[in-house]
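Below: data34.txt (compact mmCIF, C-alpha atoms)
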```txt
# COMPACT_ATOMS: atom_id res chain seq x y z
CA MET U 1 247.96 245.98 81.55
CA ASP U 2 247.89 244.33 78.15
CA PRO U 3 249.36 246.10 75.11
CA ALA U 4 246.77 247.77 72.88
CA ASP U 5 247.60 245.69 69.79
CA CYS U 6 250.01 242.81 70.28
CA PHE U 7 249.97 242.00 66.57
CA ALA U 8 251.11 245.50 65.62
CA LEU U 9 253.83 245.42 68.27
CA PHE U 10 255.48 242.56 66.35
CA ASP U 11 254.37 243.72 62.88
CA LEU U 12 252.18 240.63 62.40
CA ALA U 13 248.87 240.30 60.59
CA ARG U 14 245.84 239.99 62.86
CA ASN U 15 245.22 236.31 62.47
CA PRO U 16 243.91 233.57 64.78
CA HIS U 17 246.81 231.34 63.73
CA LEU U 18 250.42 232.47 63.99
CA ASP U 19 253.63 230.81 62.95
CA GLU U 20 255.35 230.21 66.31
CA ALA U 21 258.85 230.53 64.87
CA LEU U 22 258.00 233.85 63.22
CA LEU U 23 256.47 235.15 66.45
CA ARG U 24 259.55 234.08 68.42
CA ASP U 25 261.87 235.73 65.89
CA ARG U 26 259.88 238.98 65.91
CA TYR U 27 259.82 238.97 69.70
CA HIS U 28 263.60 238.54 69.96
CA GLU U 29 264.12 241.16 67.25
CA GLN U 30 262.02 243.69 69.18
CA VAL U 31 263.73 242.85 72.48
CA ARG U 32 267.17 243.39 70.91
CA LYS U 33 266.04 246.65 69.34
CA LEU U 34 264.06 248.19 72.21
CA VAL U 35 265.14 246.69 75.51
CA ASP U 36 268.21 247.87 77.40
CA PRO U 37 269.82 244.74 78.88
CA ALA U 38 271.10 246.71 81.88
CA THR U 39 267.61 247.71 83.02
CA GLY U 40 265.61 244.74 81.76
CA GLY U 41 263.57 247.02 79.58
CA GLY U 42 261.29 248.48 82.20
CA GLU U 43 257.73 249.11 81.03
CA GLU U 44 258.60 248.55 77.37
CA GLY U 45 260.20 245.17 78.16
CA ARG U 46 257.17 244.11 80.21
CA ALA U 47 254.86 245.12 77.36
CA LEU U 48 256.87 243.06 74.86
CA HIS U 49 256.89 240.06 77.19
CA ARG U 50 253.14 240.32 77.83
CA ALA U 51 252.39 240.68 74.12
CA HIS U 52 254.47 237.58 73.42
CA GLU U 53 252.58 235.68 76.15
CA ILE U 54 249.25 236.69 74.66
CA LEU U 55 250.13 235.77 71.09
CA SER U 56 251.78 232.49 72.12
CA ASP U 57 248.65 231.18 73.85
CA PRO U 58 245.84 230.35 71.38
CA VAL U 59 243.05 231.21 73.83
CA LEU U 60 244.61 234.52 74.86
CA ARG U 61 245.38 235.30 71.21
CA LEU U 62 241.74 234.69 70.17
CA ARG U 63 240.44 236.78 73.06
CA HIS U 64 242.83 239.61 72.12
CA LEU U 65 241.87 239.38 68.45
CA LEU U 66 238.20 239.55 69.40
CA GLN U 67 238.88 242.63 71.52
CA LEU U 68 240.55 244.27 68.53
CA LEU U 69 237.85 243.30 66.02
CA ALA U 70 234.82 243.90 68.23
CA PRO U 71 235.85 246.00 71.25
CA ASP U 72 232.25 246.52 72.42
CA ARG U 73 231.57 242.80 72.61
CA LYS U 74 231.49 241.52 76.19
CA SER U 75 231.02 237.79 75.73
CA GLY U 76 233.94 235.45 76.25
CA GLY U 77 232.72 232.89 73.78
CA THR U 78 230.02 230.30 73.82
CA GLY U 79 230.81 227.18 71.92
CA LEU U 80 229.01 224.24 73.43
CA SER U 81 228.23 222.38 70.24
CA GLY U 82 226.37 219.07 70.14
CA GLU U 83 229.69 217.29 69.85
CA LEU U 84 231.02 218.99 72.99
CA VAL U 85 227.81 218.24 74.87
CA ALA U 86 228.30 214.54 74.09
CA CYS U 87 231.95 214.84 75.06
CA PHE U 88 230.96 216.50 78.32
CA ALA U 89 228.82 213.50 79.24
CA GLU U 90 231.86 211.26 78.91
CA VAL U 91 234.16 213.68 80.73
CA GLY U 92 231.60 214.17 83.49
CA ALA U 93 231.13 210.45 84.04
CA VAL U 94 234.87 209.85 84.34
CA LEU U 95 235.34 212.83 86.67
CA GLN U 96 232.47 211.65 88.84
CA ARG U 97 233.96 208.17 89.07
CA ALA U 98 237.37 209.65 89.93
CA ASP U 99 235.86 211.89 92.61
CA GLY U 100 234.06 208.93 94.17
CA LEU U 101 237.24 206.90 94.22
CA LEU U 102 239.27 209.79 95.66
CA THR U 103 236.70 210.16 98.44
CA ARG U 104 236.90 206.45 99.26
CA LEU U 105 240.70 206.55 99.14
CA SER U 106 240.79 209.53 101.51
CA ARG U 107 238.70 207.55 104.02
CA THR U 108 240.81 204.42 103.71
CA VAL U 109 243.47 204.19 106.38
CA SER U 110 244.61 200.58 106.12
CA ALA U 111 246.90 198.95 103.59
CA LEU U 112 244.25 196.29 103.04
CA GLY U 113 241.66 198.94 102.18
CA ARG U 114 244.06 200.55 99.70
CA ALA U 115 244.83 197.16 98.17
CA LEU U 116 241.11 196.46 97.70
CA LEU U 117 240.77 199.74 95.77
CA ALA U 118 243.94 199.26 93.69
CA ALA U 119 242.24 197.68 90.67
CA GLU U 120 239.59 200.37 90.52
CA GLU U 121 242.27 203.03 90.94
CA ALA U 122 244.17 201.65 87.95
CA GLU U 123 240.96 201.57 85.86
CA VAL U 124 240.10 205.15 86.76
CA GLN U 125 243.63 206.32 85.93
CA VAL U 126 243.37 204.68 82.51
CA SER U 127 239.93 206.25 81.97
CA LEU U 128 241.27 209.68 82.91
CA GLN U 129 244.23 209.25 80.55
CA ASN U 130 241.90 208.17 77.74
CA VAL U 131 239.64 211.18 78.28
CA LEU U 132 242.70 213.42 78.39
CA GLY U 133 243.80 211.97 75.05
CA MET U 134 240.34 212.59 73.57
CA LEU U 135 240.35 216.19 74.82
CA GLN U 136 243.85 216.73 73.46
CA ALA U 137 242.74 215.45 70.05
CA LYS U 138 239.81 217.88 70.04
CA TRP U 139 242.15 220.70 71.13
CA ASP U 140 244.54 219.82 68.30
CA LEU U 141 241.65 219.94 65.80
CA GLU U 142 240.66 223.39 67.05
CA LEU U 143 244.27 224.57 66.73
CA ALA U 144 244.51 223.18 63.21
CA GLY U 145 241.24 224.90 62.35
CA LEU U 146 242.73 228.28 63.28
CA ARG U 147 244.80 228.11 60.08
CA ASP U 148 241.64 228.26 57.99
CA LEU U 149 239.99 231.16 59.79
CA GLY U 150 242.03 234.03 58.37
CA GLY U 151 240.88 237.36 59.82
CA SER U 152 237.41 235.87 60.26
CA GLU U 153 234.27 237.33 61.75
CA ALA U 154 233.85 238.00 65.43
CA ASP U 155 231.00 235.45 65.74
CA VAL U 156 233.17 232.66 64.34
CA LEU U 157 236.14 233.61 66.51
CA GLU U 158 233.92 233.81 69.57
CA SER U 159 232.57 230.32 68.92
CA VAL U 160 236.07 228.87 68.51
CA LEU U 161 237.24 230.72 71.62
CA GLY U 162 234.34 229.27 73.60
CA ARG U 163 235.11 225.72 72.51
CA MET U 164 238.80 226.14 73.30
CA ARG U 165 238.07 227.54 76.75
CA ILE U 166 235.78 224.61 77.50
CA LEU U 167 238.37 222.09 76.33
CA GLN U 168 241.08 223.85 78.32
CA LYS U 169 238.93 223.81 81.48
CA TRP U 170 238.07 220.12 81.07
CA GLN U 171 241.72 219.24 80.47
CA GLY U 172 242.63 221.00 83.70
CA GLU U 173 239.92 219.16 85.65
CA VAL U 174 240.98 215.76 84.30
CA GLN U 175 244.68 216.49 84.89
CA ALA U 176 243.96 217.56 88.48
CA ARG U 177 242.13 214.28 89.25
CA LEU U 178 244.84 212.23 87.59
CA LEU U 179 247.55 214.03 89.52
CA ARG U 180 245.72 213.47 92.80
CA LEU U 181 245.45 209.77 92.04
CA LEU U 182 249.07 209.45 90.95
CA THR U 183 250.47 211.32 93.93
CA GLY U 184 248.00 210.17 96.56
CA GLY U 185 247.23 213.84 97.13
CA PRO U 186 244.51 215.17 99.42
CA GLY U 187 240.86 214.93 98.41
```
Once more with this new file: its structure as structure tokens, please.
Amino acid sequence: MDPADCFALFDLARNPHLDEALLRDRYHEQVRKLVDPATGGGEEGRALHRAHEILSDPVLRLRHLLQLLAPDRKSGGTGLSGELVACFAEVGAVLQRADGLLTRLSRTVSALGRALLAAEEAEVQVSLQNVLGMLQAKWDLELAGLRDLGGSEADVLESVLGRMRILQKWQGEVQARLLRLLTGGPG
């Protein structure tokens, strides 16, 4: 179970952006003060660790902040802006090409067949890496934008949370395809 207010646990302002060094220092300070090293802290230690996990992850932190600001709100964020729709078209095309190649590679049993697909495999890997770079740049912009949000309104936080979840999901999809290509993993 998640702590009721992770920000209060570390005496931090409820803010979408947190200074990572300050969070780390507050976490260690609380652990030294409240956790018995002999027992590992029990329930209190687990609560501190979970609160640190939540506040360290921007998506979890935004979700937690939304729960604190608007507890009755059920939505997890919708943030598919026009820019992300255009981005999705590019991501989708590259993923589709990667899936097609992975299917052909899984059906190829001969060295000659693999050799014939090698150039396309290299192109798809580069395309996946480029898309991953684009998604990372958009993620970095969202993270930088957290600094300007302050306490912010729930609608704004929900929109940012939605965009970050989408970017995170797409990054995972692209990374999975790239890993399968790089390791020759199963289709």
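Between atom CA of Glu90 of chain U and atom CA of Asp140 of chain U the separation is 18.6 Å.
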Counting all atoms listed in the file, give me one row per residue of segment 80-124 of chain U with an atom at most 12 Å from an atom of segment 136-139 of chain U, showing the shortest contact pair and its distance in Å to one decimal, sorted by chain then residue number, as a tab-separated table.
```
residue	atom	partner	partner_atom	distance
U:Glu83	CA	U:Lys138	CA	10.1
U:Leu84	CA	U:Lys138	CA	9.3
U:Cys87	CA	U:Lys138	CA	9.8
```
Looking at only C-alpha atoms, which of U:Gln96, U:Ser159, U:Ser110, U:Gln171 is the one that sits closest to Val131 of chain U? U:Gln171
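One finds atom CA of Gln129 of chain U at 29.0 Å from atom CA of Pro16 of chain U.
Here atom CA of His64 of chain U stands at a distance of 22.9 Å from atom CA of Leu34 of chain U.
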Check the smallest atom-to-atom distance from each of U:Pro71, U:Gly184, U:Pro58, U:Gly133 to Trp170 of chain U using only C-alpha atoms, then report the winner. U:Gly133
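Remark: for Glu43 of chain U, the closest of the candidate residues U:Arg24, U:Pro3, U:Asp57, U:Ala119 is U:Pro3 (distances computed over only C-alpha atoms).
Look at Phe10 of chain U: the protein and nucleic acid residues within 8 Å of it, using only C-alpha atoms and passing over chain neighbours fewer than 4 places away, are U:Cys6, U:Leu23, U:Arg26, U:Tyr27, U:Gln30.
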Selection as a PyMOL selection string: residues within 12 Å of (238.2, 209.3, 95.2), counting all atoms listed in the file: chain U and resi 94-108+114+117-118+120-121+124-125+177-182+184-187
Could you write out the selected residues, including C-alpha atoms, as a PDB file, keeping the file's coordinate frame?
```pdb
ATOM      1  CA  VAL U  94     234.870 209.850  84.340  1.00  0.00           C
ATOM      2  CA  LEU U  95     235.340 212.830  86.670  1.00  0.00           C
ATOM      3  CA  GLN U  96     232.470 211.650  88.840  1.00  0.00           C
ATOM      4  CA  ARG U  97     233.960 208.170  89.070  1.00  0.00           C
ATOM      5  CA  ALA U  98     237.370 209.650  89.930  1.00  0.00           C
ATOM      6  CA  ASP U  99     235.860 211.890  92.610  1.00  0.00           C
ATOM      7  CA  GLY U 100     234.060 208.930  94.170  1.00  0.00           C
ATOM      8  CA  LEU U 101     237.240 206.900  94.220  1.00  0.00           C
ATOM      9  CA  LEU U 102     239.270 209.790  95.660  1.00  0.00           C
ATOM     10  CA  THR U 103     236.700 210.160  98.440  1.00  0.00           C
ATOM     11  CA  ARG U 104     236.900 206.450  99.260  1.00  0.00           C
ATOM     12  CA  LEU U 105     240.700 206.550  99.140  1.00  0.00           C
ATOM     13  CA  SER U 106     240.790 209.530 101.510  1.00  0.00           C
ATOM     14  CA  ARG U 107     238.700 207.550 104.020  1.00  0.00           C
ATOM     15  CA  THR U 108     240.810 204.420 103.710  1.00  0.00           C
ATOM     16  CA  ARG U 114     244.060 200.550  99.700  1.00  0.00           C
ATOM     17  CA  LEU U 117     240.770 199.740  95.770  1.00  0.00           C
ATOM     18  CA  ALA U 118     243.940 199.260  93.690  1.00  0.00           C
ATOM     19  CA  GLU U 120     239.590 200.370  90.520  1.00  0.00           C
ATOM     20  CA  GLU U 121     242.270 203.030  90.940  1.00  0.00           C
ATOM     21  CA  VAL U 124     240.100 205.150  86.760  1.00  0.00           C
ATOM     22  CA  GLN U 125     243.630 206.320  85.930  1.00  0.00           C
ATOM     23  CA  ARG U 177     242.130 214.280  89.250  1.00  0.00           C
ATOM     24  CA  LEU U 178     244.840 212.230  87.590  1.00  0.00           C
ATOM     25  CA  LEU U 179     247.550 214.030  89.520  1.00  0.00           C
ATOM     26  CA  ARG U 180     245.720 213.470  92.800  1.00  0.00           C
ATOM     27  CA  LEU U 181     245.450 209.770  92.040  1.00  0.00           C
ATOM     28  CA  LEU U 182     249.070 209.450  90.950  1.00  0.00           C
ATOM     29  CA  GLY U 184     248.000 210.170  96.560  1.00  0.00           C
ATOM     30  CA  GLY U 185     247.230 213.840  97.130  1.00  0.00           C
ATOM     31  CA  PRO U 186     244.510 215.170  99.420  1.00  0.00           C
ATOM     32  CA  GLY U 187     240.860 214.930  98.410  1.00  0.00           C
TER      33      GLY U 187
END
```
As AutoDock Vina command-line options: centre and edge lengths in Å, one decimal, of the axis-aligned box holding segment 119-131 of chain U with 3 Å per side:
```
--center_x 241.9 --center_y 204.4 --center_z 84.3 --size_x 10.6 --size_y 19.5 --size_z 19.2
```
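Take the candidates U:Leu22, U:Ala93, U:Leu48, U:Leu135 and check each one against Gly172 of chain U using all atoms listed in the file; the shortest distance goes to U:Leu135.
Shortest atom-to-atom contact with Val59 of chain U among U:Thr183, U:Glu173, U:Leu157, U:Leu141: U:Leu157, counting all atoms listed in the file.
If only C-alpha atoms are the atoms counted, then among U:Ala86, U:Ala111, U:Leu62, U:Leu68 the closest residue to Leu143 of chain U is U:Leu62.
Non-sequential neighbours of Leu60 of chain U (distance at most 12 Å, separation of 5 or more positions within a chain, all atoms listed in the file) are Asp2, Cys6, Pro16, His17, Arg50, Ala51, His52, Glu53, Ile54, Leu55, Leu65, Leu66, Gln67, Gly76, Leu157, Glu158, Leu161, Gly162, Met164, Arg165 and Gln168 of chain U.
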For segment 37-70 of chain U, where the input has fewer atoms than it should, I would like N, CA and C atoms rebuilt and written as a compact mmCIF listing (two decimals), in the coordinates of the input.
```
# COMPACT_ATOMS: atom_id res chain seq x y z
N PRO U 37 269.52 245.90 78.03
CA PRO U 37 269.82 244.74 78.88
C PRO U 37 270.17 245.12 80.33
N ALA U 38 270.70 246.30 80.53
CA ALA U 38 271.10 246.71 81.88
C ALA U 38 269.90 246.94 82.78
N THR U 39 268.79 247.39 82.21
CA THR U 39 267.61 247.71 83.02
C THR U 39 266.52 246.65 82.90
N GLY U 40 266.66 245.74 81.96
CA GLY U 40 265.61 244.74 81.76
C GLY U 40 264.46 245.27 80.93
N GLY U 41 264.57 246.49 80.49
CA GLY U 41 263.57 247.02 79.58
C GLY U 41 262.45 247.81 80.22
N GLY U 42 262.32 247.72 81.52
CA GLY U 42 261.29 248.48 82.20
C GLY U 42 259.91 248.19 81.64
N GLU U 43 259.11 249.24 81.50
CA GLU U 43 257.73 249.11 81.03
C GLU U 43 257.67 248.56 79.61
N GLU U 44 258.59 249.01 78.76
CA GLU U 44 258.60 248.55 77.37
C GLU U 44 258.92 247.05 77.30
N GLY U 45 259.86 246.60 78.12
CA GLY U 45 260.20 245.17 78.16
C GLY U 45 259.04 244.33 78.66
N ARG U 46 258.34 244.84 79.70
CA ARG U 46 257.17 244.11 80.21
C ARG U 46 256.08 244.03 79.15
N ALA U 47 255.88 245.11 78.40
CA ALA U 47 254.86 245.12 77.36
C ALA U 47 255.19 244.11 76.26
N LEU U 48 256.46 244.04 75.87
CA LEU U 48 256.87 243.06 74.86
C LEU U 48 256.66 241.64 75.37
N HIS U 49 257.05 241.40 76.61
CA HIS U 49 256.89 240.06 77.19
C HIS U 49 255.42 239.68 77.27
N ARG U 50 254.57 240.61 77.72
CA ARG U 50 253.14 240.32 77.83
C ARG U 50 252.53 240.08 76.46
N ALA U 51 252.91 240.88 75.48
CA ALA U 51 252.39 240.68 74.12
C ALA U 51 252.79 239.31 73.58
N HIS U 52 254.01 238.90 73.85
CA HIS U 52 254.47 237.58 73.42
C HIS U 52 253.67 236.48 74.12
N GLU U 53 253.41 236.65 75.41
CA GLU U 53 252.58 235.68 76.15
C GLU U 53 251.20 235.55 75.52
N ILE U 54 250.61 236.67 75.22
CA ILE U 54 249.25 236.69 74.66
C ILE U 54 249.22 236.00 73.30
N LEU U 55 250.15 236.34 72.44
CA LEU U 55 250.13 235.77 71.09
C LEU U 55 250.58 234.32 71.07
N SER U 56 251.32 233.88 72.07
CA SER U 56 251.78 232.49 72.12
C SER U 56 250.69 231.53 72.57
N ASP U 57 249.73 232.02 73.31
CA ASP U 57 248.65 231.18 73.85
C ASP U 57 247.43 231.33 72.94
N PRO U 58 246.96 230.24 72.32
CA PRO U 58 245.84 230.35 71.38
C PRO U 58 244.57 230.97 71.97
N VAL U 59 244.25 230.65 73.21
CA VAL U 59 243.05 231.21 73.83
C VAL U 59 243.22 232.71 74.07
N LEU U 60 244.36 233.10 74.63
CA LEU U 60 244.61 234.52 74.86
C LEU U 60 244.67 235.29 73.53
N ARG U 61 245.27 234.65 72.52
CA ARG U 61 245.38 235.30 71.21
C ARG U 61 243.99 235.53 70.62
N LEU U 62 243.10 234.52 70.70
CA LEU U 62 241.74 234.69 70.17
C LEU U 62 240.98 235.76 70.93
N ARG U 63 241.12 235.76 72.25
CA ARG U 63 240.44 236.78 73.06
C ARG U 63 240.93 238.17 72.67
N HIS U 64 242.24 238.32 72.51
CA HIS U 64 242.83 239.61 72.12
C HIS U 64 242.35 240.02 70.73
N LEU U 65 242.33 239.09 69.81
CA LEU U 65 241.87 239.38 68.45
C LEU U 65 240.41 239.82 68.47
N LEU U 66 239.59 239.15 69.27
CA LEU U 66 238.20 239.55 69.40
C LEU U 66 238.07 240.96 69.97
N GLN U 67 238.91 241.28 70.94
CA GLN U 67 238.88 242.63 71.52
C GLN U 67 239.25 243.68 70.47
N LEU U 68 240.15 243.33 69.58
CA LEU U 68 240.55 244.27 68.53
C LEU U 68 239.47 244.41 67.47
N LEU U 69 238.84 243.28 67.09
CA LEU U 69 237.85 243.30 66.02
C LEU U 69 236.49 243.82 66.48
N ALA U 70 236.13 243.51 67.71
CA ALA U 70 234.82 243.90 68.23
C ALA U 70 234.98 244.36 69.68
```
